[in-house]
Structure formats: structure tokens, C-alpha cells
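Engineer: I am sharing query29.csv, which consists of CSV, N, CA and C atoms:
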```csv
chain,number,residue,atom,x,y,z
A,44,MET,N,29.9,-48.3,1.7
A,44,MET,CA,28.7,-47.5,1.6
A,44,MET,C,27.9,-47.6,2.8
A,45,THR,N,27.3,-46.5,3.3
A,45,THR,CA,26.5,-46.5,4.5
A,45,THR,C,25.1,-47.0,4.2
A,46,GLN,N,24.3,-47.1,5.2
A,46,GLN,CA,22.9,-47.7,5.1
A,46,GLN,C,22.0,-46.8,4.1
A,47,ASN,N,22.2,-45.5,4.2
A,47,ASN,CA,21.4,-44.6,3.3
A,47,ASN,C,21.9,-44.4,1.9
A,48,GLY,N,23.0,-45.1,1.6
A,48,GLY,CA,23.5,-45.0,0.2
A,48,GLY,C,24.6,-43.9,0.1
A,49,ASP,N,25.0,-43.3,1.2
A,49,ASP,CA,26.0,-42.2,1.2
A,49,ASP,C,27.4,-42.9,1.2
A,50,ARG,N,28.2,-42.5,0.3
A,50,ARG,CA,29.6,-43.1,0.2
A,50,ARG,C,30.6,-42.5,1.1
A,51,THR,N,30.3,-41.4,1.7
A,51,THR,CA,31.2,-40.7,2.5
A,51,THR,C,31.2,-41.1,4.0
A,52,GLY,N,30.4,-42.0,4.3
A,52,GLY,CA,30.3,-42.5,5.7
A,52,GLY,C,29.5,-41.5,6.6
A,53,GLY,N,28.6,-40.8,6.0
A,53,GLY,CA,27.7,-40.0,6.8
A,53,GLY,C,28.0,-38.5,6.9
A,54,SER,N,29.2,-38.1,6.6
A,54,SER,CA,29.5,-36.7,6.7
A,54,SER,C,29.1,-35.9,5.4
A,55,PRO,N,28.6,-34.7,5.6
A,55,PRO,CA,28.1,-34.0,4.4
A,55,PRO,C,29.2,-33.6,3.4
A,56,SER,N,28.9,-33.7,2.2
A,56,SER,CA,29.9,-33.3,1.2
A,56,SER,C,29.9,-31.8,1.0
A,57,VAL,N,31.0,-31.3,0.4
A,57,VAL,CA,31.1,-29.9,0.0
A,57,VAL,C,30.0,-29.5,-0.9
A,58,TYR,N,29.6,-30.4,-1.8
A,58,TYR,CA,28.6,-30.1,-2.8
A,58,TYR,C,27.2,-29.9,-2.1
A,59,ASN,N,26.9,-30.8,-1.1
A,59,ASN,CA,25.7,-30.6,-0.4
A,59,ASN,C,25.6,-29.3,0.4
A,60,ILE,N,26.7,-28.9,1.0
A,60,ILE,CA,26.8,-27.7,1.8
A,60,ILE,C,26.6,-26.5,0.8
A,61,SER,N,27.3,-26.5,-0.4
A,61,SER,CA,27.1,-25.4,-1.3
A,61,SER,C,25.7,-25.3,-1.8
A,62,VAL,N,25.1,-26.4,-2.1
A,62,VAL,CA,23.7,-26.4,-2.6
A,62,VAL,C,22.8,-25.8,-1.5
A,63,SER,N,23.0,-26.3,-0.3
A,63,SER,CA,22.2,-25.8,0.9
A,63,SER,C,22.3,-24.3,1.0
A,64,ARG,N,23.6,-23.8,1.0
A,64,ARG,CA,23.8,-22.3,1.1
A,64,ARG,C,23.1,-21.6,0.0
A,65,ALA,N,23.2,-22.1,-1.2
A,65,ALA,CA,22.6,-21.4,-2.4
A,65,ALA,C,21.1,-21.4,-2.3
A,66,THR,N,20.6,-22.5,-1.8
A,66,THR,CA,19.1,-22.6,-1.6
A,66,THR,C,18.6,-21.6,-0.6
A,67,LYS,N,19.4,-21.5,0.5
A,67,LYS,CA,19.0,-20.6,1.6
A,67,LYS,C,19.1,-19.2,1.1
A,68,SER,N,20.1,-18.9,0.3
A,68,SER,CA,20.3,-17.5,-0.2
A,68,SER,C,19.2,-17.1,-1.1
A,69,ARG,N,18.8,-18.1,-2.0
A,69,ARG,CA,17.7,-17.8,-2.9
A,69,ARG,C,16.4,-17.6,-2.1
A,70,GLY,N,16.2,-18.5,-1.1
A,70,GLY,CA,15.0,-18.4,-0.3
A,70,GLY,C,15.0,-17.0,0.5
A,71,ALA,N,16.1,-16.5,0.9
A,71,ALA,CA,16.1,-15.3,1.6
A,71,ALA,C,15.8,-14.1,0.6
A,72,ARG,N,16.3,-14.2,-0.6
A,72,ARG,CA,16.0,-13.2,-1.6
A,72,ARG,C,14.5,-13.2,-1.9
A,73,ARG,N,14.0,-14.4,-2.1
A,73,ARG,CA,12.6,-14.5,-2.4
A,73,ARG,C,11.7,-13.9,-1.2
A,74,LEU,N,12.1,-14.2,0.0
A,74,LEU,CA,11.4,-13.7,1.1
A,74,LEU,C,11.4,-12.2,1.2
A,75,ARG,N,12.6,-11.6,1.0
A,75,ARG,CA,12.8,-10.2,0.9
A,75,ARG,C,11.9,-9.6,-0.2
A,76,GLY,N,11.9,-10.2,-1.3
A,76,GLY,CA,11.1,-9.7,-2.5
A,76,GLY,C,9.6,-9.8,-2.1
A,77,ARG,N,9.2,-10.9,-1.5
A,77,ARG,CA,7.8,-11.1,-1.2
A,77,ARG,C,7.4,-10.0,-0.1
A,78,ARG,N,8.3,-9.8,0.9
A,78,ARG,CA,7.9,-8.7,1.9
A,78,ARG,C,7.9,-7.3,1.2
A,79,LYS,N,8.8,-7.1,0.3
A,79,LYS,CA,8.7,-5.8,-0.4
A,79,LYS,C,7.4,-5.6,-1.2
A,80,LYS,N,7.0,-6.7,-1.9
A,80,LYS,CA,5.8,-6.6,-2.6
A,80,LYS,C,4.6,-6.4,-1.7
A,81,GLN,N,4.6,-7.1,-0.5
A,81,GLN,CA,3.5,-7.0,0.4
A,81,GLN,C,3.4,-5.6,1.0
A,82,LYS,N,4.6,-5.0,1.2
A,82,LYS,CA,4.6,-3.6,1.7
A,82,LYS,C,4.0,-2.7,0.7
A,83,LEU,N,4.5,-2.8,-0.6
A,83,LEU,CA,3.9,-2.0,-1.6
A,83,LEU,C,2.4,-2.2,-1.8
A,84,ALA,N,2.0,-3.5,-1.7
A,84,ALA,CA,0.6,-3.7,-1.9
A,84,ALA,C,-0.2,-3.1,-0.7
A,85,LYS,N,0.4,-3.1,0.5
A,85,LYS,CA,-0.3,-2.5,1.6
A,85,LYS,C,-0.5,-1.0,1.4
A,86,GLU,N,0.6,-0.4,0.9
A,86,GLU,CA,0.6,1.1,0.6
A,86,GLU,C,-0.4,1.4,-0.5
A,87,ARG,N,-0.5,0.5,-1.5
A,87,ARG,CA,-1.4,0.8,-2.6
A,87,ARG,C,-2.8,0.4,-2.2
A,88,ALA,N,-3.0,-0.3,-1.1
A,88,ALA,CA,-4.3,-0.7,-0.6
A,88,ALA,C,-5.0,0.4,0.1
A,89,GLY,N,-4.5,1.6,0.1
A,89,GLY,CA,-5.2,2.7,0.8
A,89,GLY,C,-4.4,3.2,2.0
A,90,LEU,N,-3.3,2.6,2.3
A,90,LEU,CA,-2.5,3.0,3.4
A,90,LEU,C,-1.4,3.9,2.9
A,91,SER,N,-1.6,4.6,1.9
A,91,SER,CA,-0.6,5.4,1.2
A,91,SER,C,0.0,6.4,2.2
A,92,LYS,N,1.3,6.7,2.1
A,92,LYS,CA,1.9,7.6,2.9
A,92,LYS,C,1.4,9.0,2.5
A,93,LEU,N,0.9,9.7,3.5
A,93,LEU,CA,0.4,11.1,3.2
A,93,LEU,C,1.5,12.0,2.9
A,94,PRO,N,1.3,13.0,2.1
A,94,PRO,CA,2.3,14.0,1.7
A,94,PRO,C,2.5,15.0,2.8
A,95,ASP,N,3.5,15.8,2.7
A,95,ASP,CA,3.7,16.9,3.6
A,95,ASP,C,2.6,17.9,3.2
A,96,LEU,N,1.7,18.1,4.2
A,96,LEU,CA,0.5,18.9,3.9
A,96,LEU,C,0.8,20.4,3.6
A,97,LYS,N,2.0,20.8,4.0
A,97,LYS,CA,2.4,22.2,3.7
A,97,LYS,C,3.1,22.4,2.3
A,98,ASP,N,3.3,21.3,1.7
A,98,ASP,CA,3.9,21.3,0.3
A,98,ASP,C,2.8,21.1,-0.7
A,99,ALA,N,2.4,22.3,-1.3
A,99,ALA,CA,1.2,22.2,-2.2
A,99,ALA,C,1.5,21.3,-3.4
A,100,GLU,N,2.7,21.3,-3.9
A,100,GLU,CA,3.0,20.5,-5.1
A,100,GLU,C,2.9,19.0,-4.7
A,101,ALA,N,3.4,18.6,-3.6
A,101,ALA,CA,3.3,17.2,-3.1
A,101,ALA,C,1.9,16.8,-2.9
A,102,VAL,N,1.1,17.7,-2.3
A,102,VAL,CA,-0.3,17.4,-2.0
A,102,VAL,C,-1.1,17.2,-3.4
A,103,GLN,N,-0.8,18.1,-4.3
A,103,GLN,CA,-1.5,18.0,-5.6
A,103,GLN,C,-1.1,16.7,-6.3
A,104,LYS,N,0.2,16.3,-6.3
A,104,LYS,CA,0.6,15.1,-6.9
A,104,LYS,C,-0.1,13.9,-6.2
A,105,PHE,N,-0.1,13.9,-4.9
A,105,PHE,CA,-0.7,12.8,-4.1
A,105,PHE,C,-2.2,12.7,-4.5
A,106,PHE,N,-2.9,13.9,-4.5
A,106,PHE,CA,-4.3,13.9,-4.9
A,106,PHE,C,-4.6,13.3,-6.2
A,107,LEU,N,-3.8,13.7,-7.2
A,107,LEU,CA,-4.0,13.1,-8.6
A,107,LEU,C,-3.7,11.6,-8.6
A,108,GLU,N,-2.7,11.2,-8.0
A,108,GLU,CA,-2.3,9.8,-8.0
A,108,GLU,C,-3.4,8.9,-7.3
A,109,GLU,N,-3.9,9.5,-6.2
A,109,GLU,CA,-5.0,8.7,-5.4
A,109,GLU,C,-6.3,8.7,-6.2
A,110,ILE,N,-6.6,9.7,-6.9
A,110,ILE,CA,-7.8,9.7,-7.8
A,110,ILE,C,-7.7,8.7,-8.9
A,111,GLN,N,-6.5,8.7,-9.5
A,111,GLN,CA,-6.3,7.8,-10.6
A,111,GLN,C,-6.3,6.3,-10.2
A,112,LEU,N,-5.6,6.1,-9.1
A,112,LEU,CA,-5.5,4.7,-8.5
A,112,LEU,C,-6.9,4.2,-8.1
A,113,GLY,N,-7.6,5.1,-7.4
A,113,GLY,CA,-9.0,4.8,-7.0
A,113,GLY,C,-9.8,4.4,-8.2
A,114,GLU,N,-9.8,5.2,-9.2
A,114,GLU,CA,-10.6,4.9,-10.4
A,114,GLU,C,-10.2,3.6,-11.0
A,115,GLU,N,-8.9,3.3,-11.1
A,115,GLU,CA,-8.4,2.1,-11.7
A,115,GLU,C,-8.9,0.9,-10.9
A,116,LEU,N,-8.8,0.9,-9.6
A,116,LEU,CA,-9.2,-0.2,-8.7
A,116,LEU,C,-10.7,-0.4,-8.8
A,117,LEU,N,-11.5,0.7,-8.9
A,117,LEU,CA,-12.9,0.6,-9.0
A,117,LEU,C,-13.3,-0.1,-10.3
A,118,ALA,N,-12.6,0.3,-11.4
A,118,ALA,CA,-12.9,-0.3,-12.7
A,118,ALA,C,-12.6,-1.8,-12.7
A,119,GLN,N,-11.6,-2.2,-11.9
A,119,GLN,CA,-11.2,-3.7,-11.8
A,119,GLN,C,-12.2,-4.4,-10.8
A,120,GLY,N,-13.1,-3.7,-10.2
A,120,GLY,CA,-14.0,-4.3,-9.2
A,120,GLY,C,-13.5,-4.4,-7.8
A,121,GLU,N,-12.4,-3.8,-7.6
A,121,GLU,CA,-11.8,-3.8,-6.2
A,121,GLU,C,-12.3,-2.5,-5.5
A,122,TYR,N,-13.5,-2.6,-5.0
A,122,TYR,CA,-14.2,-1.5,-4.5
A,122,TYR,C,-13.6,-1.0,-3.2
A,123,GLU,N,-13.3,-1.9,-2.2
A,123,GLU,CA,-12.7,-1.5,-1.0
A,123,GLU,C,-11.4,-0.7,-1.2
A,124,LYS,N,-10.5,-1.2,-2.0
A,124,LYS,CA,-9.2,-0.5,-2.2
A,124,LYS,C,-9.4,0.8,-3.0
A,125,GLY,N,-10.3,0.7,-4.0
A,125,GLY,CA,-10.6,1.9,-4.7
A,125,GLY,C,-11.1,3.1,-3.9
A,126,VAL,N,-12.1,2.7,-3.0
A,126,VAL,CA,-12.7,3.7,-2.1
A,126,VAL,C,-11.6,4.2,-1.1
A,127,ASP,N,-10.7,3.4,-0.7
A,127,ASP,CA,-9.6,3.8,0.2
A,127,ASP,C,-8.8,4.9,-0.4
A,128,HIS,N,-8.5,4.8,-1.7
A,128,HIS,CA,-7.7,5.8,-2.4
A,128,HIS,C,-8.5,7.0,-2.7
A,129,LEU,N,-9.8,6.9,-3.0
A,129,LEU,CA,-10.6,8.1,-3.2
A,129,LEU,C,-10.7,8.9,-1.9
A,130,THR,N,-10.8,8.1,-0.8
A,130,THR,CA,-11.0,8.8,0.5
A,130,THR,C,-9.7,9.6,0.8
A,131,ASN,N,-8.5,9.0,0.5
A,131,ASN,CA,-7.3,9.7,0.7
A,131,ASN,C,-7.3,11.0,-0.1
A,132,ALA,N,-7.8,11.0,-1.4
A,132,ALA,CA,-7.8,12.2,-2.2
A,132,ALA,C,-8.8,13.2,-1.6
A,133,ILE,N,-9.9,12.8,-1.1
A,133,ILE,CA,-10.9,13.7,-0.5
A,133,ILE,C,-10.2,14.4,0.7
A,134,ALA,N,-9.5,13.6,1.5
A,134,ALA,CA,-8.9,14.1,2.7
A,134,ALA,C,-7.9,15.3,2.5
A,135,VAL,N,-7.2,15.2,1.3
A,135,VAL,CA,-6.2,16.3,1.1
A,135,VAL,C,-6.8,17.3,0.1
A,136,CYS,N,-8.0,17.2,-0.4
A,136,CYS,CA,-8.6,18.0,-1.4
A,136,CYS,C,-8.9,19.4,-0.8
A,137,GLY,N,-8.7,20.5,-1.5
A,137,GLY,CA,-8.9,21.8,-1.1
A,137,GLY,C,-10.4,22.1,-1.0
A,138,GLN,N,-11.2,21.4,-1.9
A,138,GLN,CA,-12.7,21.6,-1.9
A,138,GLN,C,-13.4,20.3,-1.9
A,139,PRO,N,-13.3,19.6,-0.7
A,139,PRO,CA,-13.9,18.3,-0.6
A,139,PRO,C,-15.4,18.2,-0.9
A,140,GLN,N,-16.1,19.2,-0.6
A,140,GLN,CA,-17.6,19.1,-0.9
A,140,GLN,C,-17.9,19.0,-2.4
A,141,GLN,N,-17.1,19.8,-3.2
A,141,GLN,CA,-17.3,19.7,-4.6
A,141,GLN,C,-16.9,18.3,-5.2
A,142,LEU,N,-15.8,17.8,-4.6
A,142,LEU,CA,-15.4,16.5,-5.1
A,142,LEU,C,-16.4,15.4,-4.7
A,143,LEU,N,-16.9,15.5,-3.5
A,143,LEU,CA,-18.0,14.6,-3.0
A,143,LEU,C,-19.2,14.6,-3.9
A,144,GLN,N,-19.6,15.8,-4.4
A,144,GLN,CA,-20.7,16.0,-5.2
A,144,GLN,C,-20.5,15.2,-6.6
A,145,VAL,N,-19.3,15.4,-7.1
A,145,VAL,CA,-18.9,14.8,-8.4
A,145,VAL,C,-18.9,13.2,-8.2
A,146,LEU,N,-18.3,12.8,-7.1
A,146,LEU,CA,-18.3,11.3,-6.8
A,146,LEU,C,-19.7,10.8,-6.6
A,147,GLN,N,-20.5,11.5,-6.0
A,147,GLN,CA,-21.9,11.1,-5.7
A,147,GLN,C,-22.6,10.8,-7.1
A,148,GLN,N,-22.4,11.7,-8.0
A,148,GLN,CA,-23.0,11.6,-9.3
A,148,GLN,C,-22.4,10.5,-10.2
A,149,THR,N,-21.1,10.2,-10.0
A,149,THR,CA,-20.5,9.2,-10.8
A,149,THR,C,-20.3,7.8,-10.3
A,150,LEU,N,-20.4,7.6,-9.0
A,150,LEU,CA,-20.2,6.3,-8.4
A,150,LEU,C,-21.6,5.7,-8.1
A,151,PRO,N,-21.6,4.3,-8.2
A,151,PRO,CA,-22.8,3.6,-7.8
A,151,PRO,C,-23.2,3.9,-6.3
A,152,PRO,N,-24.4,4.0,-6.0
A,152,PRO,CA,-24.8,4.4,-4.6
A,152,PRO,C,-24.1,3.5,-3.5
A,153,PRO,N,-24.0,2.2,-3.7
A,153,PRO,CA,-23.4,1.4,-2.6
A,153,PRO,C,-21.9,1.8,-2.4
A,154,VAL,N,-21.2,2.1,-3.5
A,154,VAL,CA,-19.8,2.5,-3.5
A,154,VAL,C,-19.7,3.8,-2.8
A,155,PHE,N,-20.5,4.8,-3.2
A,155,PHE,CA,-20.5,6.1,-2.6
A,155,PHE,C,-20.8,6.0,-1.1
A,156,GLN,N,-21.7,5.1,-0.7
A,156,GLN,CA,-22.0,5.0,0.7
A,156,GLN,C,-20.8,4.4,1.5
A,157,MET,N,-20.1,3.5,0.8
A,157,MET,CA,-18.9,2.9,1.4
A,157,MET,C,-17.8,4.0,1.6
A,158,LEU,N,-17.8,4.9,0.7
A,158,LEU,CA,-16.8,6.0,0.7
A,158,LEU,C,-17.2,6.9,2.0
A,159,LEU,N,-18.5,7.2,2.1
A,159,LEU,CA,-18.9,8.1,3.2
A,159,LEU,C,-18.6,7.5,4.6
A,160,THR,N,-18.7,6.1,4.7
A,160,THR,CA,-18.4,5.5,6.0
A,160,THR,C,-16.9,5.5,6.3
A,161,LYS,N,-16.1,5.6,5.3
A,161,LYS,CA,-14.6,5.6,5.5
A,161,LYS,C,-14.0,7.0,5.7
A,162,LEU,N,-14.8,8.0,5.4
A,162,LEU,CA,-14.2,9.4,5.6
A,162,LEU,C,-13.7,9.7,7.0
A,163,PRO,N,-14.5,9.3,8.0
A,163,PRO,CA,-14.0,9.7,9.4
A,163,PRO,C,-12.6,9.1,9.7
A,164,THR,N,-12.4,7.9,9.2
A,164,THR,CA,-11.1,7.2,9.4
A,164,THR,C,-9.9,7.9,8.8
A,165,ILE,N,-10.1,8.3,7.6
A,165,ILE,CA,-9.0,9.0,6.9
A,165,ILE,C,-8.8,10.4,7.5
A,166,SER,N,-9.9,11.0,7.9
A,166,SER,CA,-9.8,12.4,8.5
A,166,SER,C,-9.0,12.3,9.8
A,167,GLN,N,-9.2,11.2,10.6
A,167,GLN,CA,-8.5,11.0,11.8
A,167,GLN,C,-7.0,10.8,11.5
A,168,ARG,N,-6.7,10.1,10.4
A,168,ARG,CA,-5.3,9.9,10.0
A,168,ARG,C,-4.6,11.2,9.6
A,169,ILE,N,-5.4,12.1,9.0
A,169,ILE,CA,-4.8,13.4,8.6
A,169,ILE,C,-4.5,14.2,9.8
A,170,VAL,N,-5.4,14.2,10.8
A,170,VAL,CA,-5.2,15.0,12.0
A,170,VAL,C,-4.0,14.4,12.8
A,171,SER,N,-3.9,13.1,12.8
A,171,SER,CA,-2.8,12.5,13.5
A,171,SER,C,-1.5,12.8,12.8
A,172,ALA,N,-1.5,12.8,11.5
A,172,ALA,CA,-0.3,13.2,10.7
A,172,ALA,C,0.1,14.6,10.9
A,173,GLN,N,-0.9,15.5,11.0
A,173,GLN,CA,-0.6,16.9,11.3
A,173,GLN,C,0.0,17.1,12.7
A,174,CYS,N,-0.5,16.4,13.7
A,174,CYS,CA,0.0,16.5,15.0
A,174,CYS,C,1.4,16.0,15.1
A,175,LEU,N,1.7,14.9,14.4
A,175,LEU,CA,3.1,14.3,14.4
A,175,LEU,C,4.0,15.3,13.7
A,176,ALA,N,3.6,16.0,12.6
A,176,ALA,CA,4.4,16.9,11.9
A,176,ALA,C,4.7,18.1,12.8
A,177,GLU,N,3.7,18.6,13.6
A,177,GLU,CA,3.9,19.7,14.5
A,177,GLU,C,4.9,19.3,15.6
A,178,ASP,N,4.8,18.1,16.1
A,178,ASP,CA,5.7,17.6,17.1
A,178,ASP,C,7.2,17.6,16.6
A,179,ASP,N,7.3,17.2,15.3
A,179,ASP,CA,8.7,17.2,14.7
A,179,ASP,C,9.3,18.6,14.7
A,180,VAL,N,8.5,19.6,14.5
A,180,VAL,CA,9.0,21.0,14.4
A,180,VAL,C,9.5,21.5,15.7
A,181,GLU,N,8.8,21.1,16.8
A,181,GLU,CA,9.1,21.7,18.1
A,181,GLU,C,10.5,21.2,18.6
```
I need this file expressed as C-alpha cells, please.

Structural biologist:
Amino acid sequence: MTQNGDRTGGSPSVYNISVSRATKSRGARRLRGRRKKQKLAKERAGLSKLPDLKDAEAVQKFFLEEIQLGEELLAQGEYEKGVDHLTNAIAVCGQPQQLLQVLQQTLPPPVFQMLLTKLPTISQRIVSAQCLAEDDVE
């Protein structure tokens, strides 16, 4: 027997190698799963992928999803994330002034103010997305 209690004279056993591989494999799966969840969380945190703005059905679906998600997050007290999603909805809305009026009447003043401060950022994102889409066409 060696000093550390190993009977094999210090060389790793097949069992130890198998356990090590299995552990690494599980760790890699966990890491991939964690990264996937983080990516989804990031998208759901207001960085949602914008729809093709020329596809009316995709824009409408995106709009409704963003409104719903924004409302859910606000109800949970996650104001930053909720406002991000409402801002996305405003950006693709055909009548943003009317939507803003409704939101002004329904949201608490500090939350509505937060929404107003984020509007320029999402507007810039929309303009950038349109420019990229136009570059793809050429």
C-alpha cells in the first residue's frame, strides 16, 4: 500500500478515470444548460430579437408578446425588465402615441418616466435593425 492509501502504487484506476469523465461530462452539460438559460434570460430581459419589420404578422405577434411579458414583469415588481419589454412594443407599434397615452394612464408615474427615458435607446435599435436589413438586401 502506498503512503496515501492507494493499493495500485499510485497509478489511477479505471474506475477513477470513468468517474472523472462522467463528472466532466455532467459538468459540461450543466454549463451548456446554464449558458442557454442565461441567453434566454437576456433575451427576455428586454433584448428580445426584433421581428422582420416588413412582416406584419411577425410584428403583431412580437408586439403582443412584449406587452404581455412587460405587464407580467411589472406585476412581479421587476420594473426595469418590464419597461424594457413595453419599450420594445412601443417601438414596433403602428400608433405609438395612443399606446403611450394608455400607458401613462395605467402605469405609476415613476415607471412611466422610466419608460420615457428608455425610448430613445430602443428607437436607435430599430433604426440599426432596419439598416442591417437593408444591407442584407443589397

Engineer: Quick one: of A:Ser68, A:Gln111, A:Gln147, A:Thr160, who's nearest to Leu129 of chain A, counting all atoms listed in the file?

Structural biologist: A:Gln111

Engineer: For each of A:Glu100, A:Glu108, A:Glu114, A:Asp127, take the minimum atom-to-atom distance to Leu158 of chain A, counting all atoms listed in the file, then give the residue where this is smallest.

Structural biologist: A:Asp127

Engineer: I need the residues of segment 72-139 of chain A that end up classed as helix (DSSP H, G or I) by DSSP on the backbone, written out as a VMD selection string.

Structural biologist: chain A and resid 72 to 87 99 to 118 122 to 135 139

Engineer: Report, in Å to a single decimal, how far apart atom CA of Ala132 of chain A and atom C of Phe106 of chain A are.

Structural biologist: 5.2 Å

Engineer: Grab the atom CA of Ser166 of chain A to atom CA of Pro151 of chain A distance for me, in Å with one decimal place.

Structural biologist: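 Distance between the two atoms: 22.6 Å.
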
Engineer: By how many Å are atom C of Gln119 of chain A and atom C of Leu162 of chain A apart?

Structural biologist: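 Value for the atom C of Gln119 of chain A-atom C of Leu162 of chain A distance: 22.8 Å.
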
Engineer: I'd like to know which of A:Leu107, A:Val135, A:Val170, A:Leu143 is closest to Pro94 of chain A, using only C-alpha atoms.

Structural biologist: A:Val135

Engineer: Hey, what's within 6.5 Å of Ile165 of chain A if we count only N, CA and C atoms and toss same-chain stuff fewer than 5 positions away? As a list in words, please?

Structural biologist: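 The filter keeps Thr130, Asn131, Ala134 and Val170 of chain A.
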
Engineer: Based on the selection just made, write N, CA and C atoms of those residues as a PDB file, in the coordinates of the input.

Structural biologist:
```pdb
ATOM      1  N   THR A 130     -10.800   8.100  -0.800  1.00  0.00           N
ATOM      2  CA  THR A 130     -11.000   8.800   0.500  1.00  0.00           C
ATOM      3  C   THR A 130      -9.700   9.600   0.800  1.00  0.00           C
ATOM      4  N   ASN A 131      -8.500   9.000   0.500  1.00  0.00           N
ATOM      5  CA  ASN A 131      -7.300   9.700   0.700  1.00  0.00           C
ATOM      6  C   ASN A 131      -7.300  11.000  -0.100  1.00  0.00           C
ATOM      7  N   ALA A 134      -9.500  13.600   1.500  1.00  0.00           N
ATOM      8  CA  ALA A 134      -8.900  14.100   2.700  1.00  0.00           C
ATOM      9  C   ALA A 134      -7.900  15.300   2.500  1.00  0.00           C
ATOM     10  N   VAL A 170      -5.400  14.200  10.800  1.00  0.00           N
ATOM     11  CA  VAL A 170      -5.200  15.000  12.000  1.00  0.00           C
ATOM     12  C   VAL A 170      -4.000  14.400  12.800  1.00  0.00           C
TER      13      VAL A 170
END
```

Engineer: Give me the residues near Leu116 of chain A as a list in words, where near means some atom within 6.5 Å (using all atoms listed in the file) and where sequence neighbours in that chain fewer than 6 positions away do not count.

Structural biologist: Tyr122, Lys124 and Gly125 of chain A

Engineer: Would you output that residue set with N, CA and C atoms, as a PDB file, keeping the file's coordinate frame?

Structural biologist:
```pdb
ATOM      1  N   TYR A 122     -13.500  -2.600  -5.000  1.00  0.00           N
ATOM      2  CA  TYR A 122     -14.200  -1.500  -4.500  1.00  0.00           C
ATOM      3  C   TYR A 122     -13.600  -1.000  -3.200  1.00  0.00           C
ATOM      4  N   LYS A 124     -10.500  -1.200  -2.000  1.00  0.00           N
ATOM      5  CA  LYS A 124      -9.200  -0.500  -2.200  1.00  0.00           C
ATOM      6  C   LYS A 124      -9.400   0.800  -3.000  1.00  0.00           C
ATOM      7  N   GLY A 125     -10.300   0.700  -4.000  1.00  0.00           N
ATOM      8  CA  GLY A 125     -10.600   1.900  -4.700  1.00  0.00           C
ATOM      9  C   GLY A 125     -11.100   3.100  -3.900  1.00  0.00           C
TER      10      GLY A 125
END
```
